[in-house]
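Raw upload-v2.csv, CSV, N, CA and C atoms:
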chain,number,residue,atom,x,y,z
L,227,MET,N,-157.5,-22.0,-193.2
L,227,MET,CA,-156.2,-21.9,-193.9
L,227,MET,C,-155.7,-23.3,-194.2
L,228,VAL,N,-155.2,-23.5,-195.4
L,228,VAL,CA,-154.6,-24.7,-195.8
L,228,VAL,C,-153.1,-24.6,-195.6
L,229,PRO,N,-152.5,-25.4,-194.6
L,229,PRO,CA,-151.1,-25.2,-194.3
L,229,PRO,C,-150.2,-25.2,-195.5
L,230,VAL,N,-150.4,-26.0,-196.5
L,230,VAL,CA,-149.5,-26.1,-197.6
L,230,VAL,C,-149.4,-24.8,-198.4
L,231,LEU,N,-150.5,-24.0,-198.3
L,231,LEU,CA,-150.5,-22.7,-199.0
L,231,LEU,C,-149.5,-21.8,-198.4
L,232,ALA,N,-149.5,-21.7,-197.1
L,232,ALA,CA,-148.5,-20.9,-196.4
L,232,ALA,C,-147.1,-21.3,-196.7
L,233,LYS,N,-146.9,-22.6,-196.6
L,233,LYS,CA,-145.6,-23.2,-196.9
L,233,LYS,C,-145.1,-22.8,-198.3
L,234,GLN,N,-146.0,-23.0,-199.3
L,234,GLN,CA,-145.6,-22.7,-200.7
L,234,GLN,C,-145.4,-21.2,-200.8
L,235,ALA,N,-146.2,-20.4,-200.2
L,235,ALA,CA,-146.0,-18.9,-200.3
L,235,ALA,C,-144.6,-18.5,-199.8
L,236,VAL,N,-144.1,-19.1,-198.7
L,236,VAL,CA,-142.8,-18.8,-198.1
L,236,VAL,C,-141.7,-19.3,-199.1
L,237,MET,N,-141.9,-20.4,-199.6
L,237,MET,CA,-140.9,-21.0,-200.5
L,237,MET,C,-140.8,-20.1,-201.8
L,238,ILE,N,-141.9,-19.7,-202.3
L,238,ILE,CA,-141.9,-18.9,-203.6
L,238,ILE,C,-141.2,-17.6,-203.3
L,239,LYS,N,-141.5,-17.0,-202.1
L,239,LYS,CA,-140.9,-15.7,-201.8
L,239,LYS,C,-139.4,-15.8,-201.6
L,240,CYS,N,-139.0,-16.9,-200.9
L,240,CYS,CA,-137.6,-17.1,-200.7
L,240,CYS,C,-136.8,-17.3,-202.0
L,241,ARG,N,-137.4,-18.0,-202.9
L,241,ARG,CA,-136.8,-18.3,-204.2
L,241,ARG,C,-136.7,-17.0,-205.1
L,242,ALA,N,-137.8,-16.2,-205.0
L,242,ALA,CA,-137.8,-14.9,-205.7
L,242,ALA,C,-136.9,-13.9,-205.1
L,243,GLY,N,-136.7,-14.0,-203.8
L,243,GLY,CA,-135.7,-13.1,-203.2
L,243,GLY,C,-136.3,-11.7,-202.9
L,244,ASP,N,-137.5,-11.4,-203.1
L,244,ASP,CA,-138.0,-10.1,-202.9
L,244,ASP,C,-139.4,-10.0,-202.2
L,245,GLY,N,-139.8,-11.1,-201.5
L,245,GLY,CA,-141.1,-11.1,-200.9
L,245,GLY,C,-141.2,-10.6,-199.5
L,246,ILE,N,-142.4,-10.5,-199.0
L,246,ILE,CA,-142.6,-10.2,-197.6
L,246,ILE,C,-143.6,-11.2,-197.0
L,247,ILE,N,-143.4,-11.5,-195.7
L,247,ILE,CA,-144.3,-12.3,-195.0
L,247,ILE,C,-145.6,-11.5,-194.7
L,248,ILE,N,-146.7,-12.1,-195.0
L,248,ILE,CA,-148.0,-11.3,-194.8
L,248,ILE,C,-148.9,-11.9,-193.8
L,249,SER,N,-148.6,-13.0,-193.2
L,249,SER,CA,-149.5,-13.6,-192.2
L,249,SER,C,-148.7,-14.4,-191.1
L,250,ASN,N,-149.4,-14.6,-190.0
L,250,ASN,CA,-148.8,-15.3,-188.9
L,250,ASN,C,-148.6,-16.8,-189.4
L,251,TYR,N,-149.4,-17.3,-190.3
L,251,TYR,CA,-149.2,-18.6,-190.8
L,251,TYR,C,-147.9,-18.8,-191.5
L,252,GLU,N,-147.6,-17.8,-192.4
L,252,GLU,CA,-146.3,-17.8,-193.1
L,252,GLU,C,-145.2,-17.6,-192.1
L,253,CYS,N,-145.4,-16.8,-191.2
L,253,CYS,CA,-144.3,-16.5,-190.2
L,253,CYS,C,-144.0,-17.8,-189.4
L,254,ALA,N,-145.1,-18.5,-188.9
L,254,ALA,CA,-144.9,-19.7,-188.1
L,254,ALA,C,-144.1,-20.7,-188.9
L,255,TYR,N,-144.4,-20.9,-190.2
L,255,TYR,CA,-143.7,-21.8,-191.0
L,255,TYR,C,-142.2,-21.4,-191.2
L,256,GLY,N,-142.1,-20.1,-191.4
L,256,GLY,CA,-140.8,-19.5,-191.6
L,256,GLY,C,-139.9,-19.6,-190.4
L,257,ILE,N,-140.4,-19.5,-189.2
L,257,ILE,CA,-139.6,-19.6,-188.0
L,257,ILE,C,-139.1,-21.1,-187.9
L,258,GLY,N,-140.0,-22.0,-188.1
L,258,GLY,CA,-139.6,-23.4,-188.1
L,258,GLY,C,-138.5,-23.7,-189.1
L,259,LEU,N,-138.7,-23.2,-190.3
L,259,LEU,CA,-137.8,-23.4,-191.4
L,259,LEU,C,-136.4,-22.8,-191.1
L,260,LEU,N,-136.4,-21.6,-190.4
L,260,LEU,CA,-135.2,-21.0,-190.0
L,260,LEU,C,-134.4,-21.9,-189.1
L,261,TYR,N,-135.0,-22.5,-188.2
L,261,TYR,CA,-134.3,-23.5,-187.3
L,261,TYR,C,-133.8,-24.6,-188.1
L,262,ALA,N,-134.6,-25.2,-189.0
L,262,ALA,CA,-134.1,-26.3,-189.8
L,262,ALA,C,-132.9,-25.9,-190.6
L,263,LEU,N,-132.9,-24.8,-191.2
L,263,LEU,CA,-131.8,-24.3,-192.1
L,263,LEU,C,-130.5,-24.1,-191.3
L,264,SER,N,-130.7,-23.6,-190.1
L,264,SER,CA,-129.5,-23.3,-189.3
L,264,SER,C,-128.9,-24.5,-188.5
L,265,GLY,N,-129.7,-25.5,-188.4
L,265,GLY,CA,-129.3,-26.6,-187.6
L,265,GLY,C,-129.5,-26.5,-186.1
L,266,ILE,N,-130.0,-25.3,-185.7
L,266,ILE,CA,-130.3,-25.1,-184.3
L,266,ILE,C,-131.6,-25.8,-184.0
L,267,PRO,N,-131.7,-26.7,-182.9
L,267,PRO,CA,-132.9,-27.4,-182.6
L,267,PRO,C,-134.0,-26.4,-182.3
L,268,ALA,N,-135.2,-26.7,-182.9
L,268,ALA,CA,-136.4,-25.8,-182.7
L,268,ALA,C,-137.0,-26.2,-181.4
L,269,PRO,N,-137.2,-25.2,-180.5
L,269,PRO,CA,-137.9,-25.5,-179.2
L,269,PRO,C,-139.4,-25.9,-179.5
L,270,ASP,N,-139.9,-26.6,-178.6
L,270,ASP,CA,-141.4,-26.9,-178.6
L,270,ASP,C,-142.1,-25.6,-178.5
L,271,TRP,N,-143.2,-25.5,-179.2
L,271,TRP,CA,-144.1,-24.3,-179.1
L,271,TRP,C,-145.1,-24.6,-178.0
L,272,GLY,N,-144.9,-24.0,-176.9
L,272,GLY,CA,-145.9,-24.1,-175.8
L,272,GLY,C,-147.0,-23.1,-175.9
L,273,GLU,N,-147.0,-22.2,-174.9
L,273,GLU,CA,-148.1,-21.2,-174.8
L,273,GLU,C,-147.6,-19.8,-175.4
L,274,GLU,N,-146.4,-19.8,-176.0
L,274,GLU,CA,-145.9,-18.5,-176.5
L,274,GLU,C,-146.8,-18.0,-177.7
L,275,THR,N,-146.8,-16.7,-177.8
L,275,THR,CA,-147.5,-16.1,-178.9
L,275,THR,C,-146.5,-16.1,-180.1
L,276,VAL,N,-147.0,-15.8,-181.3
L,276,VAL,CA,-146.2,-15.8,-182.5
L,276,VAL,C,-145.1,-14.7,-182.3
L,277,THR,N,-145.5,-13.6,-181.7
L,277,THR,CA,-144.5,-12.5,-181.5
L,277,THR,C,-143.3,-13.0,-180.6
L,278,GLN,N,-143.7,-13.7,-179.5
L,278,GLN,CA,-142.6,-14.3,-178.6
L,278,GLN,C,-141.8,-15.3,-179.3
L,279,ARG,N,-142.4,-16.2,-180.1
L,279,ARG,CA,-141.6,-17.2,-180.8
L,279,ARG,C,-140.7,-16.6,-181.8
L,280,LEU,N,-141.2,-15.6,-182.5
L,280,LEU,CA,-140.4,-14.9,-183.5
L,280,LEU,C,-139.2,-14.2,-182.9
L,281,GLU,N,-139.5,-13.5,-181.8
L,281,GLU,CA,-138.4,-12.8,-181.1
L,281,GLU,C,-137.3,-13.7,-180.6
L,282,GLU,N,-137.7,-14.9,-180.1
L,282,GLU,CA,-136.8,-15.9,-179.6
L,282,GLU,C,-136.0,-16.4,-180.8
L,283,ALA,N,-136.6,-16.7,-181.9
L,283,ALA,CA,-135.9,-17.2,-183.0
L,283,ALA,C,-134.9,-16.2,-183.6
L,284,LEU,N,-135.3,-15.0,-183.6
L,284,LEU,CA,-134.4,-14.0,-184.2
L,284,LEU,C,-133.2,-13.8,-183.2
L,285,LEU,N,-133.4,-13.9,-181.9
L,285,LEU,CA,-132.3,-13.8,-181.0
L,285,LEU,C,-131.3,-15.0,-181.2
L,286,CYS,N,-131.9,-16.2,-181.3
L,286,CYS,CA,-131.0,-17.3,-181.5
L,286,CYS,C,-130.2,-17.3,-182.8
L,287,HIS,N,-130.7,-16.5,-183.8
L,287,HIS,CA,-130.1,-16.4,-185.1
L,287,HIS,C,-129.5,-15.1,-185.4
L,288,GLU,N,-129.3,-14.3,-184.3
L,288,GLU,CA,-128.7,-13.0,-184.4
L,288,GLU,C,-127.4,-12.9,-185.1
L,289,THR,N,-126.5,-13.9,-184.8
L,289,THR,CA,-125.2,-13.9,-185.4
L,289,THR,C,-125.0,-14.9,-186.6
L,290,ILE,N,-126.1,-15.5,-187.0
L,290,ILE,CA,-126.1,-16.4,-188.1
L,290,ILE,C,-126.0,-15.6,-189.4
L,291,SER,N,-125.2,-16.1,-190.3
L,291,SER,CA,-125.1,-15.5,-191.7
L,291,SER,C,-125.2,-16.7,-192.6
L,292,PHE,N,-126.2,-16.7,-193.5
L,292,PHE,CA,-126.4,-17.8,-194.4
L,292,PHE,C,-125.7,-17.4,-195.7
L,293,THR,N,-125.0,-18.4,-196.3
L,293,THR,CA,-124.4,-18.3,-197.6
L,293,THR,C,-125.5,-18.5,-198.7
L,294,ASP,N,-126.5,-19.2,-198.4
L,294,ASP,CA,-127.6,-19.5,-199.3
L,294,ASP,C,-128.5,-18.3,-199.4
L,295,ALA,N,-128.7,-17.8,-200.6
L,295,ALA,CA,-129.5,-16.5,-200.7
L,295,ALA,C,-130.9,-16.7,-200.3
L,296,GLN,N,-131.5,-17.9,-200.5
L,296,GLN,CA,-132.9,-18.1,-200.1
L,296,GLN,C,-133.0,-18.1,-198.6
L,297,ALA,N,-132.1,-18.7,-197.9
L,297,ALA,CA,-132.1,-18.7,-196.4
L,297,ALA,C,-131.9,-17.3,-195.9
L,298,GLY,N,-131.0,-16.5,-196.5
L,298,GLY,CA,-130.8,-15.1,-196.2
L,298,GLY,C,-132.1,-14.3,-196.4
L,299,CYS,N,-132.8,-14.6,-197.5
L,299,CYS,CA,-134.0,-13.9,-197.7
L,299,CYS,C,-135.1,-14.2,-196.7
L,300,LEU,N,-135.2,-15.5,-196.3
L,300,LEU,CA,-136.1,-15.9,-195.2
L,300,LEU,C,-135.8,-15.1,-193.9
L,301,LEU,N,-134.6,-15.0,-193.5
L,301,LEU,CA,-134.2,-14.3,-192.3
L,301,LEU,C,-134.6,-12.9,-192.4
L,302,GLU,N,-134.3,-12.2,-193.5
L,302,GLU,CA,-134.7,-10.8,-193.7
L,302,GLU,C,-136.2,-10.6,-193.7
L,303,MET,N,-137.0,-11.5,-194.3
L,303,MET,CA,-138.4,-11.4,-194.2
L,303,MET,C,-138.9,-11.6,-192.8
L,304,LEU,N,-138.4,-12.5,-192.0
L,304,LEU,CA,-138.8,-12.7,-190.7
L,304,LEU,C,-138.4,-11.4,-189.8
L,305,ARG,N,-137.3,-10.9,-190.1
L,305,ARG,CA,-136.9,-9.7,-189.3
L,305,ARG,C,-137.8,-8.5,-189.6
L,306,ALA,N,-138.4,-8.4,-190.8
L,306,ALA,CA,-139.3,-7.3,-191.1
L,306,ALA,C,-140.7,-7.5,-190.7
L,307,TYR,N,-141.1,-8.8,-190.4
L,307,TYR,CA,-142.5,-9.1,-190.1
L,307,TYR,C,-142.9,-8.7,-188.7
L,308,LYS,N,-144.1,-8.1,-188.6
L,308,LYS,CA,-144.7,-7.7,-187.3
L,308,LYS,C,-146.0,-8.6,-187.1
L,309,PRO,N,-145.9,-9.6,-186.3
L,309,PRO,CA,-147.0,-10.5,-186.0
L,309,PRO,C,-148.2,-9.8,-185.3
L,310,ASP,N,-149.4,-10.3,-185.5
L,310,ASP,CA,-150.5,-9.8,-184.7
L,310,ASP,C,-150.7,-10.8,-183.6
L,311,GLY,N,-151.8,-10.6,-182.8
L,311,GLY,CA,-152.0,-11.4,-181.6
L,311,GLY,C,-152.6,-12.8,-181.9
L,312,VAL,N,-153.0,-13.1,-183.1
L,312,VAL,CA,-153.7,-14.3,-183.5
L,312,VAL,C,-152.7,-15.5,-183.4
L,313,LEU,N,-153.2,-16.6,-182.7
L,313,LEU,CA,-152.5,-17.9,-182.6
L,313,LEU,C,-153.5,-19.0,-182.7
L,314,ASP,N,-153.2,-20.0,-183.5
L,314,ASP,CA,-154.1,-21.2,-183.5
L,314,ASP,C,-153.2,-22.4,-183.7
L,315,GLU,N,-153.9,-23.6,-183.7
L,315,GLU,CA,-153.1,-24.8,-183.8
L,315,GLU,C,-152.5,-25.0,-185.2
L,316,GLN,N,-153.1,-24.4,-186.2
L,316,GLN,CA,-152.4,-24.5,-187.6
L,316,GLN,C,-151.1,-23.8,-187.6
L,317,MET,N,-151.0,-22.7,-186.9
L,317,MET,CA,-149.7,-22.0,-186.8
L,317,MET,C,-148.6,-22.9,-186.2
L,318,LYS,N,-149.0,-23.6,-185.1
L,318,LYS,CA,-148.1,-24.5,-184.4
L,318,LYS,C,-147.7,-25.7,-185.4
L,319,GLN,N,-148.7,-26.1,-186.1
L,319,GLN,CA,-148.5,-27.2,-187.1
L,319,GLN,C,-147.5,-26.7,-188.2
L,320,LEU,N,-147.7,-25.5,-188.7
L,320,LEU,CA,-146.8,-25.0,-189.7
L,320,LEU,C,-145.4,-24.8,-189.2
L,321,TYR,N,-145.2,-24.4,-187.9
L,321,TYR,CA,-143.9,-24.3,-187.3
L,321,TYR,C,-143.2,-25.6,-187.3
L,322,GLN,N,-144.0,-26.7,-186.9
L,322,GLN,CA,-143.4,-28.0,-186.9
L,322,GLN,C,-143.0,-28.5,-188.4
L,323,MET,N,-143.9,-28.1,-189.3
L,323,MET,CA,-143.6,-28.5,-190.7
L,323,MET,C,-142.2,-27.8,-191.1
L,324,GLY,N,-142.1,-26.6,-190.8
L,324,GLY,CA,-140.9,-25.9,-191.2
L,324,GLY,C,-139.6,-26.5,-190.5
L,325,ALA,N,-139.8,-26.7,-189.2
L,325,ALA,CA,-138.7,-27.3,-188.4
L,325,ALA,C,-138.2,-28.7,-188.9
L,326,SER,N,-139.1,-29.4,-189.5
L,326,SER,CA,-138.8,-30.7,-190.0
L,326,SER,C,-138.4,-30.8,-191.4
L,327,GLU,N,-138.3,-29.7,-192.1
L,327,GLU,CA,-137.9,-29.7,-193.5
L,327,GLU,C,-136.5,-30.3,-193.7
L,328,GLN,N,-136.4,-31.2,-194.7
L,328,GLN,CA,-135.1,-31.8,-195.0
L,328,GLN,C,-134.5,-31.2,-196.2
L,329,ASN,N,-135.2,-30.8,-197.2
L,329,ASN,CA,-134.7,-30.3,-198.5
L,329,ASN,C,-135.7,-29.2,-198.9
L,330,PRO,N,-135.7,-28.1,-198.3
L,330,PRO,CA,-136.7,-27.1,-198.5
L,330,PRO,C,-136.8,-26.4,-199.9
L,331,TRP,N,-135.7,-26.3,-200.6
L,331,TRP,CA,-135.7,-25.6,-201.9
L,331,TRP,C,-136.0,-26.6,-203.1
L,332,LYS,N,-136.2,-27.8,-202.8
L,332,LYS,CA,-136.5,-28.8,-203.9
L,332,LYS,C,-137.9,-28.4,-204.3
L,333,GLN,N,-138.1,-28.3,-205.6
L,333,GLN,CA,-139.4,-28.1,-206.2
L,333,GLN,C,-140.3,-29.3,-205.9
L,334,SER,N,-141.5,-29.0,-205.4
L,334,SER,CA,-142.5,-30.2,-205.2
L,334,SER,C,-143.6,-30.1,-206.2
L,335,SER,N,-144.3,-31.2,-206.4
L,335,SER,CA,-145.4,-31.2,-207.3
L,335,SER,C,-146.7,-30.9,-206.7
L,336,VAL,N,-146.7,-30.5,-205.4
L,336,VAL,CA,-147.9,-30.2,-204.7
L,336,VAL,C,-148.4,-28.8,-205.1
Would you encode the structure as structure tokens?
Amino acid sequence: MVPVLAKQAVMIKCRAGDGIIISNYECAYGIGLLYALSGIPAPDWGEETVTQRLEEALLCHETISFTDAQAGCLLEMLRAYKPDGVLDEQMKQLYQMGASEQNPWKQSSV
């Protein structure tokens, strides 16, 4: 998996407002991005599964309401996603990429 593809997929789906997350790679990036958008510090990803990390993120963001439609779409996509048991280092890398986003909705030339 090329990490930038998962990142771009999440961005496109958030901009379109009608996508679904289809992989743990997209989910991992989306979880990190959720923390970046809310300003809540993203915890380090230790030995947790994608399911555990997603559950924790959704609990932390249970009362968050975004005025940004794209961020709201991301939250809804994450709430709907059901991760499988797969976890690898690229997912952890994507999580960190999302958590460190500064200007996520800016169109990139990548």
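Put simply, CA of Ser326 (chain L) is 6.4 Å away from CA of Ala262 (chain L).
With distances taken over all atoms listed in the file, L:Gly324 is the one residue among L:Asn329, L:His287, L:Gly324, L:Arg305 lying closest to Lys233 (chain L).
Interatomic distance, CA of Lys239 (chain L) to CA of Cys286 (chain L): 22.6 Å.
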message: Just want the 7 Å neighbourhood of Cys240 (chain L), counted on only N, CA and C atoms, with same-chain residues fewer than 3 positions away dropped. Output as a ChimeraX atom specification.
response: /L:235-237,243-245,295-297,299-300
message: Would you pick out the contacts of Thr275 (chain L) at 10 Å or less, using only C-alpha atoms, so that residues sharing its chain but fewer than 6 positions from it are not included, and give the list as a ChimeraX atom specification?
response: /L:281,309-314
Of the listed residues L:Val276, L:Met323, L:Ile246, L:Leu263, that which approaches Ser291 (chain L) most closely, counting only C-alpha atoms: L:Leu263
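Separating CA of Gln234 (chain L) from CA of Leu304 (chain L) is a distance of 15.7 Å.
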